[in-house]
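Novice: Dropping in run-v3.pdb, which is PDB, N, CA and C atoms:
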ATOM      1  N   MET S   1     175.704  89.972  70.386
ATOM      2  CA  MET S   1     174.835  91.100  70.137
ATOM      3  C   MET S   1     175.204  91.745  68.799
ATOM      4  N   VAL S   2     174.209  92.071  68.000
ATOM      5  CA  VAL S   2     174.411  92.658  66.692
ATOM      6  C   VAL S   2     174.624  94.158  66.840
ATOM      7  N   GLN S   3     175.690  94.666  66.202
ATOM      8  CA  GLN S   3     175.948  96.099  66.213
ATOM      9  C   GLN S   3     174.983  96.791  65.245
ATOM     10  N   LYS S   4     174.354  97.878  65.710
ATOM     11  CA  LYS S   4     173.411  98.605  64.859
ATOM     12  C   LYS S   4     174.177  99.373  63.794
ATOM     13  N   LYS S   5     173.676  99.301  62.565
ATOM     14  CA  LYS S   5     174.345  99.924  61.432
ATOM     15  C   LYS S   5     173.387 100.815  60.654
ATOM     16  N   SER S   6     173.977 101.722  59.910
ATOM     17  CA  SER S   6     173.245 102.541  58.953
ATOM     18  C   SER S   6     173.332 101.823  57.608
ATOM     19  N   ILE S   7     172.182 101.380  57.094
ATOM     20  CA  ILE S   7     172.168 100.574  55.874
ATOM     21  C   ILE S   7     171.385 101.295  54.789
ATOM     22  N   LEU S   8     171.983 101.365  53.613
ATOM     23  CA  LEU S   8     171.333 101.931  52.436
ATOM     24  C   LEU S   8     170.948 100.786  51.511
ATOM     25  N   MET S   9     169.667 100.663  51.231
ATOM     26  CA  MET S   9     169.148  99.626  50.344
ATOM     27  C   MET S   9     168.905 100.256  48.976
ATOM     28  N   LEU S  10     169.553  99.731  47.942
ATOM     29  CA  LEU S  10     169.343 100.205  46.583
ATOM     30  C   LEU S  10     168.408  99.239  45.856
ATOM     31  N   GLY S  11     167.260  99.726  45.443
ATOM     32  CA  GLY S  11     166.312  98.912  44.683
ATOM     33  C   GLY S  11     166.573  99.108  43.202
ATOM     34  N   ARG S  12     167.420  98.254  42.625
ATOM     35  CA  ARG S  12     167.809  98.399  41.218
ATOM     36  C   ARG S  12     167.080  97.437  40.289
ATOM     37  N   ARG S  13     166.868  96.212  40.738
ATOM     38  CA  ARG S  13     166.236  95.210  39.874
ATOM     39  C   ARG S  13     164.865  94.783  40.379
ATOM     40  N   ASP S  14     164.717  94.698  41.689
ATOM     41  CA  ASP S  14     163.474  94.174  42.269
ATOM     42  C   ASP S  14     163.051  95.067  43.437
ATOM     43  N   PRO S  15     162.307  96.146  43.157
ATOM     44  CA  PRO S  15     161.940  97.075  44.224
ATOM     45  C   PRO S  15     161.092  96.428  45.327
ATOM     46  N   THR S  16     160.277  95.462  44.981
ATOM     47  CA  THR S  16     159.453  94.783  45.980
ATOM     48  C   THR S  16     160.337  94.035  46.974
ATOM     49  N   GLU S  17     161.312  93.311  46.476
ATOM     50  CA  GLU S  17     162.229  92.571  47.347
ATOM     51  C   GLU S  17     163.077  93.529  48.178
ATOM     52  N   ALA S  18     163.471  94.650  47.595
ATOM     53  CA  ALA S  18     164.252  95.642  48.345
ATOM     54  C   ALA S  18     163.446  96.155  49.542
ATOM     55  N   MET S  19     162.170  96.415  49.343
ATOM     56  CA  MET S  19     161.330  96.882  50.449
ATOM     57  C   MET S  19     161.167  95.792  51.506
ATOM     58  N   ARG S  20     160.976  94.557  51.069
ATOM     59  CA  ARG S  20     160.785  93.448  52.006
ATOM     60  C   ARG S  20     162.029  93.238  52.860
ATOM     61  N   VAL S  21     163.197  93.234  52.234
ATOM     62  CA  VAL S  21     164.445  93.029  52.962
ATOM     63  C   VAL S  21     164.709  94.197  53.919
ATOM     64  N   ALA S  22     164.472  95.418  53.461
ATOM     65  CA  ALA S  22     164.687  96.594  54.319
ATOM     66  C   ALA S  22     163.818  96.516  55.566
ATOM     67  N   ALA S  23     162.564  96.189  55.391
ATOM     68  CA  ALA S  23     161.663  96.081  56.545
ATOM     69  C   ALA S  23     162.118  94.980  57.484
ATOM     70  N   GLY S  24     162.595  93.879  56.942
ATOM     71  CA  GLY S  24     163.057  92.776  57.772
ATOM     72  C   GLY S  24     164.290  93.116  58.584
ATOM     73  N   LEU S  25     165.158  93.948  58.040
ATOM     74  CA  LEU S  25     166.383  94.301  58.756
ATOM     75  C   LEU S  25     166.133  95.205  59.954
ATOM     76  N   THR S  26     164.969  95.809  60.030
ATOM     77  CA  THR S  26     164.681  96.685  61.169
ATOM     78  C   THR S  26     164.541  95.896  62.468
ATOM     79  N   ILE S  27     164.294  94.603  62.393
ATOM     80  CA  ILE S  27     164.148  93.826  63.632
ATOM     81  C   ILE S  27     165.450  93.782  64.421
ATOM     82  N   PHE S  28     166.562  94.057  63.746
ATOM     83  CA  PHE S  28     167.854  94.098  64.420
ATOM     84  C   PHE S  28     168.184  95.498  64.928
ATOM     85  N   GLY S  29     167.298  96.457  64.684
ATOM     86  CA  GLY S  29     167.508  97.821  65.141
ATOM     87  C   GLY S  29     168.353  98.668  64.214
ATOM     88  N   HIS S  30     168.657  98.170  63.019
ATOM     89  CA  HIS S  30     169.450  98.947  62.076
ATOM     90  C   HIS S  30     168.650 100.141  61.557
ATOM     91  N   MET S  31     169.359 101.213  61.220
ATOM     92  CA  MET S  31     168.747 102.389  60.597
ATOM     93  C   MET S  31     168.826 102.172  59.087
ATOM     94  N   LEU S  32     167.666 102.177  58.422
ATOM     95  CA  LEU S  32     167.632 101.895  56.991
ATOM     96  C   LEU S  32     167.063 103.044  56.194
ATOM     97  N   SER S  33     167.532 103.139  54.976
ATOM     98  CA  SER S  33     166.908 104.003  53.983
ATOM     99  C   SER S  33     166.921 103.236  52.665
ATOM    100  N   VAL S  34     165.947 103.544  51.822
ATOM    101  CA  VAL S  34     165.800 102.843  50.544
ATOM    102  C   VAL S  34     165.811 103.875  49.425
ATOM    103  N   VAL S  35     166.596 103.588  48.384
ATOM    104  CA  VAL S  35     166.600 104.425  47.183
ATOM    105  C   VAL S  35     166.266 103.528  46.003
ATOM    106  N   PHE S  36     165.211 103.889  45.289
ATOM    107  CA  PHE S  36     164.794 103.132  44.109
ATOM    108  C   PHE S  36     165.427 103.746  42.868
ATOM    109  N   LEU S  37     166.066 102.900  42.062
ATOM    110  CA  LEU S  37     166.695 103.342  40.829
ATOM    111  C   LEU S  37     165.877 102.932  39.607
ATOM    112  N   VAL S  38     164.757 102.275  39.854
ATOM    113  CA  VAL S  38     163.822 101.863  38.806
ATOM    114  C   VAL S  38     162.412 102.241  39.267
ATOM    115  N   PRO S  39     161.479 102.331  38.343
ATOM    116  CA  PRO S  39     160.093 102.612  38.760
ATOM    117  C   PRO S  39     159.550 101.483  39.643
ATOM    118  N   VAL S  40     158.759 101.859  40.626
ATOM    119  CA  VAL S  40     158.113 100.881  41.510
ATOM    120  C   VAL S  40     156.695 100.669  40.985
ATOM    121  N   PRO S  41     156.397  99.471  40.478
ATOM    122  CA  PRO S  41     155.054  99.222  39.947
ATOM    123  C   PRO S  41     153.984  99.416  41.024
ATOM    124  N   ASP S  42     152.848  99.937  40.615
ATOM    125  CA  ASP S  42     151.738 100.208  41.529
ATOM    126  C   ASP S  42     150.888  98.940  41.664
ATOM    127  N   THR S  43     151.408  97.983  42.434
ATOM    128  CA  THR S  43     150.706  96.722  42.656
ATOM    129  C   THR S  43     150.234  96.665  44.108
ATOM    130  N   PRO S  44     149.245  95.832  44.406
ATOM    131  CA  PRO S  44     148.807  95.697  45.807
ATOM    132  C   PRO S  44     149.952  95.306  46.752
ATOM    133  N   GLU S  45     150.838  94.428  46.287
ATOM    134  CA  GLU S  45     151.964  94.001  47.123
ATOM    135  C   GLU S  45     152.903  95.174  47.414
ATOM    136  N   ASN S  46     153.185  95.993  46.406
ATOM    137  CA  ASN S  46     154.065  97.136  46.610
ATOM    138  C   ASN S  46     153.426  98.195  47.495
ATOM    139  N   ILE S  47     152.129  98.368  47.374
ATOM    140  CA  ILE S  47     151.425  99.317  48.247
ATOM    141  C   ILE S  47     151.537  98.854  49.695
ATOM    142  N   GLU S  48     151.363  97.558  49.915
ATOM    143  CA  GLU S  48     151.484  96.998  51.259
ATOM    144  C   GLU S  48     152.915  97.151  51.794
ATOM    145  N   MET S  49     153.904  96.887  50.939
ATOM    146  CA  MET S  49     155.306  97.023  51.351
ATOM    147  C   MET S  49     155.645  98.481  51.663
ATOM    148  N   ALA S  50     155.131  99.413  50.862
ATOM    149  CA  ALA S  50     155.375 100.835  51.102
ATOM    150  C   ALA S  50     154.790 101.266  52.445
ATOM    151  N   GLU S  51     153.616 100.754  52.776
ATOM    152  CA  GLU S  51     153.013 101.049  54.083
ATOM    153  C   GLU S  51     153.863 100.484  55.207
ATOM    154  N   LEU S  52     154.431  99.296  55.001
ATOM    155  CA  LEU S  52     155.295  98.694  56.009
ATOM    156  C   LEU S  52     156.553  99.534  56.215
ATOM    157  N   LEU S  53     157.128 100.053  55.122
ATOM    158  CA  LEU S  53     158.296 100.922  55.245
ATOM    159  C   LEU S  53     157.955 102.176  56.032
ATOM    160  N   GLU S  54     156.816 102.753  55.718
ATOM    161  CA  GLU S  54     156.395 103.958  56.423
ATOM    162  C   GLU S  54     156.184 103.663  57.907
ATOM    163  N   PHE S  55     155.541 102.567  58.217
ATOM    164  CA  PHE S  55     155.304 102.158  59.603
ATOM    165  C   PHE S  55     156.623 101.921  60.333
ATOM    166  N   SER S  56     157.635 101.427  59.612
ATOM    167  CA  SER S  56     158.944 101.125  60.189
ATOM    168  C   SER S  56     159.871 102.334  60.210
ATOM    169  N   ASP S  57     159.368 103.497  59.816
ATOM    170  CA  ASP S  57     160.169 104.732  59.756
ATOM    171  C   ASP S  57     161.380 104.598  58.845
ATOM    172  N   ILE S  58     161.200 103.920  57.725
ATOM    173  CA  ILE S  58     162.264 103.783  56.735
ATOM    174  C   ILE S  58     162.036 104.831  55.658
ATOM    175  N   GLU S  59     163.046 105.675  55.468
ATOM    176  CA  GLU S  59     162.969 106.739  54.474
ATOM    177  C   GLU S  59     163.151 106.143  53.078
ATOM    178  N   SER S  60     162.270 106.505  52.157
ATOM    179  CA  SER S  60     162.359 106.034  50.776
ATOM    180  C   SER S  60     162.490 107.216  49.840
ATOM    181  N   LYS S  61     163.380 107.076  48.866
ATOM    182  CA  LYS S  61     163.586 108.101  47.849
ATOM    183  C   LYS S  61     163.761 107.410  46.507
ATOM    184  N   THR S  62     163.814 108.218  45.451
ATOM    185  CA  THR S  62     164.022 107.666  44.111
ATOM    186  C   THR S  62     164.965 108.565  43.328
ATOM    187  N   THR S  63     165.677 107.957  42.401
ATOM    188  CA  THR S  63     166.541 108.731  41.506
ATOM    189  C   THR S  63     165.781 109.184  40.268
ATOM    190  N   LEU S  64     164.553 108.719  40.128
ATOM    191  CA  LEU S  64     163.749 109.037  38.950
ATOM    192  C   LEU S  64     162.900 110.283  39.203
ATOM    193  N   PRO S  65     162.912 111.221  38.273
ATOM    194  CA  PRO S  65     162.056 112.397  38.441
ATOM    195  C   PRO S  65     160.582 112.041  38.219
ATOM    196  N   ASP S  66     159.711 112.893  38.687
ATOM    197  CA  ASP S  66     158.261 112.754  38.469
ATOM    198  C   ASP S  66     157.673 111.482  39.075
ATOM    199  N   GLN S  67     158.153 111.085  40.230
ATOM    200  CA  GLN S  67     157.595 109.960  40.963
ATOM    201  C   GLN S  67     156.929 110.506  42.220
ATOM    202  N   THR S  68     156.183 109.677  42.911
ATOM    203  CA  THR S  68     155.515 110.135  44.133
ATOM    204  C   THR S  68     156.478 110.232  45.317
ATOM    205  N   LEU S  69     157.614 109.559  45.242
ATOM    206  CA  LEU S  69     158.609 109.608  46.309
ATOM    207  C   LEU S  69     159.512 110.827  46.141
ATOM    208  N   PRO S  70     160.142 111.276  47.223
ATOM    209  CA  PRO S  70     161.109 112.361  47.106
ATOM    210  C   PRO S  70     162.262 111.965  46.186
ATOM    211  N   HIS S  71     162.755 112.933  45.441
ATOM    212  CA  HIS S  71     163.841 112.706  44.483
ATOM    213  C   HIS S  71     165.187 112.884  45.180
ATOM    214  N   ILE S  72     166.154 112.027  44.818
ATOM    215  CA  ILE S  72     167.522 112.175  45.295
ATOM    216  C   ILE S  72     168.425 112.265  44.074
ATOM    217  N   GLY S  73     169.243 113.296  44.034
ATOM    218  CA  GLY S  73     170.149 113.500  42.914
ATOM    219  C   GLY S  73     171.414 112.666  43.045
ATOM    220  N   ALA S  74     172.237 112.705  42.007
ATOM    221  CA  ALA S  74     173.451 111.895  41.964
ATOM    222  C   ALA S  74     174.413 112.249  43.098
ATOM    223  N   ASP S  75     174.596 113.534  43.376
ATOM    224  CA  ASP S  75     175.519 113.939  44.437
ATOM    225  C   ASP S  75     175.030 113.471  45.802
ATOM    226  N   ALA S  76     173.734 113.622  46.059
ATOM    227  CA  ALA S  76     173.170 113.191  47.343
ATOM    228  C   ALA S  76     173.222 111.673  47.477
ATOM    229  N   LEU S  77     173.003 110.951  46.381
ATOM    230  CA  LEU S  77     173.085 109.490  46.415
ATOM    231  C   LEU S  77     174.515 109.054  46.713
ATOM    232  N   ALA S  78     175.485 109.695  46.076
ATOM    233  CA  ALA S  78     176.887 109.363  46.336
ATOM    234  C   ALA S  78     177.240 109.621  47.797
ATOM    235  N   ALA S  79     176.756 110.722  48.348
ATOM    236  CA  ALA S  79     177.011 111.028  49.761
ATOM    237  C   ALA S  79     176.355 109.993  50.665
ATOM    238  N   ALA S  80     175.158 109.550  50.320
ATOM    239  CA  ALA S  80     174.459 108.541  51.119
ATOM    240  C   ALA S  80     175.204 107.208  51.088
ATOM    241  N   VAL S  81     175.740 106.844  49.935
ATOM    242  CA  VAL S  81     176.504 105.602  49.818
ATOM    243  C   VAL S  81     177.748 105.674  50.704
ATOM    244  N   LEU S  82     178.446 106.802  50.663
ATOM    245  CA  LEU S  82     179.653 106.963  51.469
ATOM    246  C   LEU S  82     179.365 106.999  52.961
ATOM    247  N   ALA S  83     178.212 107.550  53.340
ATOM    248  CA  ALA S  83     177.867 107.686  54.755
ATOM    249  C   ALA S  83     177.345 106.379  55.369
ATOM    250  N   ALA S  84     176.852 105.479  54.555
ATOM    251  CA  ALA S  84     176.270 104.232  55.062
ATOM    252  C   ALA S  84     177.352 103.259  55.536
ATOM    253  N   ASP S  85     177.011 102.509  56.586
ATOM    254  CA  ASP S  85     177.905 101.444  57.044
ATOM    255  C   ASP S  85     177.876 100.272  56.074
ATOM    256  N   ALA S  86     176.741 100.082  55.410
ATOM    257  CA  ALA S  86     176.584  98.997  54.448
ATOM    258  C   ALA S  86     175.609  99.426  53.360
ATOM    259  N   VAL S  87     175.859  98.947  52.146
ATOM    260  CA  VAL S  87     174.965  99.199  51.015
ATOM    261  C   VAL S  87     174.563  97.842  50.457
ATOM    262  N   ILE S  88     173.257  97.648  50.340
ATOM    263  CA  ILE S  88     172.720  96.404  49.783
ATOM    264  C   ILE S  88     172.059  96.733  48.462
ATOM    265  N   ASN S  89     172.406  95.986  47.454
ATOM    266  CA  ASN S  89     171.944  96.228  46.093
ATOM    267  C   ASN S  89     171.040  95.079  45.665
ATOM    268  N   ILE S  90     169.748  95.366  45.508
ATOM    269  CA  ILE S  90     168.814  94.327  45.096
ATOM    270  C   ILE S  90     168.136  94.755  43.800
TER     271      ILE S  90
END
Starting from the file, give its structure as structure tokens.
Specialist:
Amino acid sequence: MVQKKSILMLGRRDPTEAMRVAAGLTIFGHMLSVVFLVPVPDTPENIEMAELLEFSDIESKTTLPDQTLPHIGADALAAAVLAADAVINI
């Protein structure tokens, strides 16, 4: 049996893949959150992935100001990294 974990997904290079992997990890019952460190292009695939994250109750934030997602500052990001059981960097 897989132990449920708190996982923080960092979307640094490929935000689309970060969303896909985060959504996939929910099948194991893990609690996920996603933080984007780069802009997320407004493509049909990303819109679909964002809807999947929302449907999966995965919280998404960004370190970039003036985006449509909630902003997370450096201190809050550091706290989230420390609080997570695992951090995945994509």
Novice: Give the alpha helix (DSSP H) residues of chain S, as DSSP finds them on the backbone, and put them as a ChimeraX atom specification.
Specialist: /S:15-25,44-55,74-83
Novice: I would like the residues chosen by the PyMOL selection byres ((chain S and resi 59-74) around 6.5) on the shown file; could you give them as a compact mmCIF listing (two decimals) with N, CA and C atoms, in the coordinates of the input?
Specialist:
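Writing done, so here's out18.txt:
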# COMPACT_ATOMS: atom_id res chain seq x y z
N LEU S 32 167.67 102.18 58.42
CA LEU S 32 167.63 101.90 56.99
C LEU S 32 167.06 103.04 56.19
N SER S 33 167.53 103.14 54.98
CA SER S 33 166.91 104.00 53.98
C SER S 33 166.92 103.24 52.66
N VAL S 34 165.95 103.54 51.82
CA VAL S 34 165.80 102.84 50.54
C VAL S 34 165.81 103.88 49.42
N VAL S 35 166.60 103.59 48.38
CA VAL S 35 166.60 104.42 47.18
C VAL S 35 166.27 103.53 46.00
N PHE S 36 165.21 103.89 45.29
CA PHE S 36 164.79 103.13 44.11
C PHE S 36 165.43 103.75 42.87
N LEU S 37 166.07 102.90 42.06
CA LEU S 37 166.70 103.34 40.83
C LEU S 37 165.88 102.93 39.61
N VAL S 38 164.76 102.28 39.85
CA VAL S 38 163.82 101.86 38.81
C VAL S 38 162.41 102.24 39.27
N LEU S 53 157.13 100.05 55.12
CA LEU S 53 158.30 100.92 55.24
C LEU S 53 157.96 102.18 56.03
N ASP S 57 159.37 103.50 59.82
CA ASP S 57 160.17 104.73 59.76
C ASP S 57 161.38 104.60 58.84
N ILE S 58 161.20 103.92 57.72
CA ILE S 58 162.26 103.78 56.74
C ILE S 58 162.04 104.83 55.66
N ASP S 75 174.60 113.53 43.38
CA ASP S 75 175.52 113.94 44.44
C ASP S 75 175.03 113.47 45.80
N ALA S 76 173.73 113.62 46.06
CA ALA S 76 173.17 113.19 47.34
C ALA S 76 173.22 111.67 47.48
N LEU S 77 173.00 110.95 46.38
CA LEU S 77 173.08 109.49 46.42
C LEU S 77 174.52 109.05 46.71
N ALA S 78 175.48 109.70 46.08
CA ALA S 78 176.89 109.36 46.34
C ALA S 78 177.24 109.62 47.80
N ALA S 79 176.76 110.72 48.35
CA ALA S 79 177.01 111.03 49.76
C ALA S 79 176.36 109.99 50.66
Novice: For range 2-6 of chain S, work out the shell of residues within 8 Å, counting all atoms listed in the file and skipping chain neighbours fewer than 5 positions away, then give it as a list in words.
Specialist: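 These residues fall inside the cut-off: Phe28, Gly29, His30, Met31, Leu32, Ser33, Ala83, Ala84, Asp85, Ala86 and Val87 of chain S.
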Novice: Once DSSP has gone over the backbone, tell me which residues of chain S are in strand (DSSP E or B), as a ChimeraX atom specification.
Specialist: /S:6-11,31-36,59-62,71,86-89
Novice: Go ahead and save the residues from that selection, with N, CA and C atoms, as an mmCIF file, keeping the file's coordinate frame.
Specialist:
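Contents of the output file selection.cif:
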data_model
loop_
_atom_site.group_PDB
_atom_site.id
_atom_site.type_symbol
_atom_site.label_atom_id
_atom_site.label_comp_id
_atom_site.auth_asym_id
_atom_site.auth_seq_id
_atom_site.Cartn_x
_atom_site.Cartn_y
_atom_site.Cartn_z
ATOM 1 N N SER S 6 173.977 101.722 59.910
ATOM 2 C CA SER S 6 173.245 102.541 58.953
ATOM 3 C C SER S 6 173.332 101.823 57.608
ATOM 4 N N ILE S 7 172.182 101.380 57.094
ATOM 5 C CA ILE S 7 172.168 100.574 55.874
ATOM 6 C C ILE S 7 171.385 101.295 54.789
ATOM 7 N N LEU S 8 171.983 101.365 53.613
ATOM 8 C CA LEU S 8 171.333 101.931 52.436
ATOM 9 C C LEU S 8 170.948 100.786 51.511
ATOM 10 N N MET S 9 169.667 100.663 51.231
ATOM 11 C CA MET S 9 169.148 99.626 50.344
ATOM 12 C C MET S 9 168.905 100.256 48.976
ATOM 13 N N LEU S 10 169.553 99.731 47.942
ATOM 14 C CA LEU S 10 169.343 100.205 46.583
ATOM 15 C C LEU S 10 168.408 99.239 45.856
ATOM 16 N N GLY S 11 167.260 99.726 45.443
ATOM 17 C CA GLY S 11 166.312 98.912 44.683
ATOM 18 C C GLY S 11 166.573 99.108 43.202
ATOM 19 N N MET S 31 169.359 101.213 61.220
ATOM 20 C CA MET S 31 168.747 102.389 60.597
ATOM 21 C C MET S 31 168.826 102.172 59.087
ATOM 22 N N LEU S 32 167.666 102.177 58.422
ATOM 23 C CA LEU S 32 167.632 101.895 56.991
ATOM 24 C C LEU S 32 167.063 103.044 56.194
ATOM 25 N N SER S 33 167.532 103.139 54.976
ATOM 26 C CA SER S 33 166.908 104.003 53.983
ATOM 27 C C SER S 33 166.921 103.236 52.665
ATOM 28 N N VAL S 34 165.947 103.544 51.822
ATOM 29 C CA VAL S 34 165.800 102.843 50.544
ATOM 30 C C VAL S 34 165.811 103.875 49.425
ATOM 31 N N VAL S 35 166.596 103.588 48.384
ATOM 32 C CA VAL S 35 166.600 104.425 47.183
ATOM 33 C C VAL S 35 166.266 103.528 46.003
ATOM 34 N N PHE S 36 165.211 103.889 45.289
ATOM 35 C CA PHE S 36 164.794 103.132 44.109
ATOM 36 C C PHE S 36 165.427 103.746 42.868
ATOM 37 N N GLU S 59 163.046 105.675 55.468
ATOM 38 C CA GLU S 59 162.969 106.739 54.474
ATOM 39 C C GLU S 59 163.151 106.143 53.078
ATOM 40 N N SER S 60 162.270 106.505 52.157
ATOM 41 C CA SER S 60 162.359 106.034 50.776
ATOM 42 C C SER S 60 162.490 107.216 49.840
ATOM 43 N N LYS S 61 163.380 107.076 48.866
ATOM 44 C CA LYS S 61 163.586 108.101 47.849
ATOM 45 C C LYS S 61 163.761 107.410 46.507
ATOM 46 N N THR S 62 163.814 108.218 45.451
ATOM 47 C CA THR S 62 164.022 107.666 44.111
ATOM 48 C C THR S 62 164.965 108.565 43.328
ATOM 49 N N HIS S 71 162.755 112.933 45.441
ATOM 50 C CA HIS S 71 163.841 112.706 44.483
ATOM 51 C C HIS S 71 165.187 112.884 45.180
ATOM 52 N N ALA S 86 176.741 100.082 55.410
ATOM 53 C CA ALA S 86 176.584 98.997 54.448
ATOM 54 C C ALA S 86 175.609 99.426 53.360
ATOM 55 N N VAL S 87 175.859 98.947 52.146
ATOM 56 C CA VAL S 87 174.965 99.199 51.015
ATOM 57 C C VAL S 87 174.563 97.842 50.457
ATOM 58 N N ILE S 88 173.257 97.648 50.340
ATOM 59 C CA ILE S 88 172.720 96.404 49.783
ATOM 60 C C ILE S 88 172.059 96.733 48.462
ATOM 61 N N ASN S 89 172.406 95.986 47.454
ATOM 62 C CA ASN S 89 171.944 96.228 46.093
ATOM 63 C C ASN S 89 171.040 95.079 45.665
#
Novice: Would you pick out the contacts of Pro15 in chain S at 8 Å or less, using all atoms listed in the file, so that residues sharing its chain but fewer than 3 positions from it are not included, and give the list as a list of chain:residue names?
Specialist: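 Surrounding residues, per the criterion: S:Leu10, S:Gly11, S:Arg12, S:Ala18, S:Met19, S:Arg20, S:Val21, S:Val35, S:Phe36, S:Leu37, S:Val38, S:Pro39, S:Val40, S:Pro41, S:Asn46, S:Ile90.
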Novice: Mind giving me the straight-line distance from CA of Glu17 in chain S to CA of Glu48 in chain S in Å, one decimal?
Specialist: 12.3 Å
Novice: Quick one: pull the distance between atom C of Ala50 in chain S and CA of Ile27 in chain S, Å, one decimal.
Specialist: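 So the answer is 16.4 Å.
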Novice: Compare S:Ala80, S:Thr16, S:Leu25, S:Asn89 by their minimum atom-to-atom distance to Glu45 in chain S, counting all atoms listed in the file, and give me the closest one.
Specialist: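 Of all the options, S:Thr16 lies closest to Glu45 in chain S.
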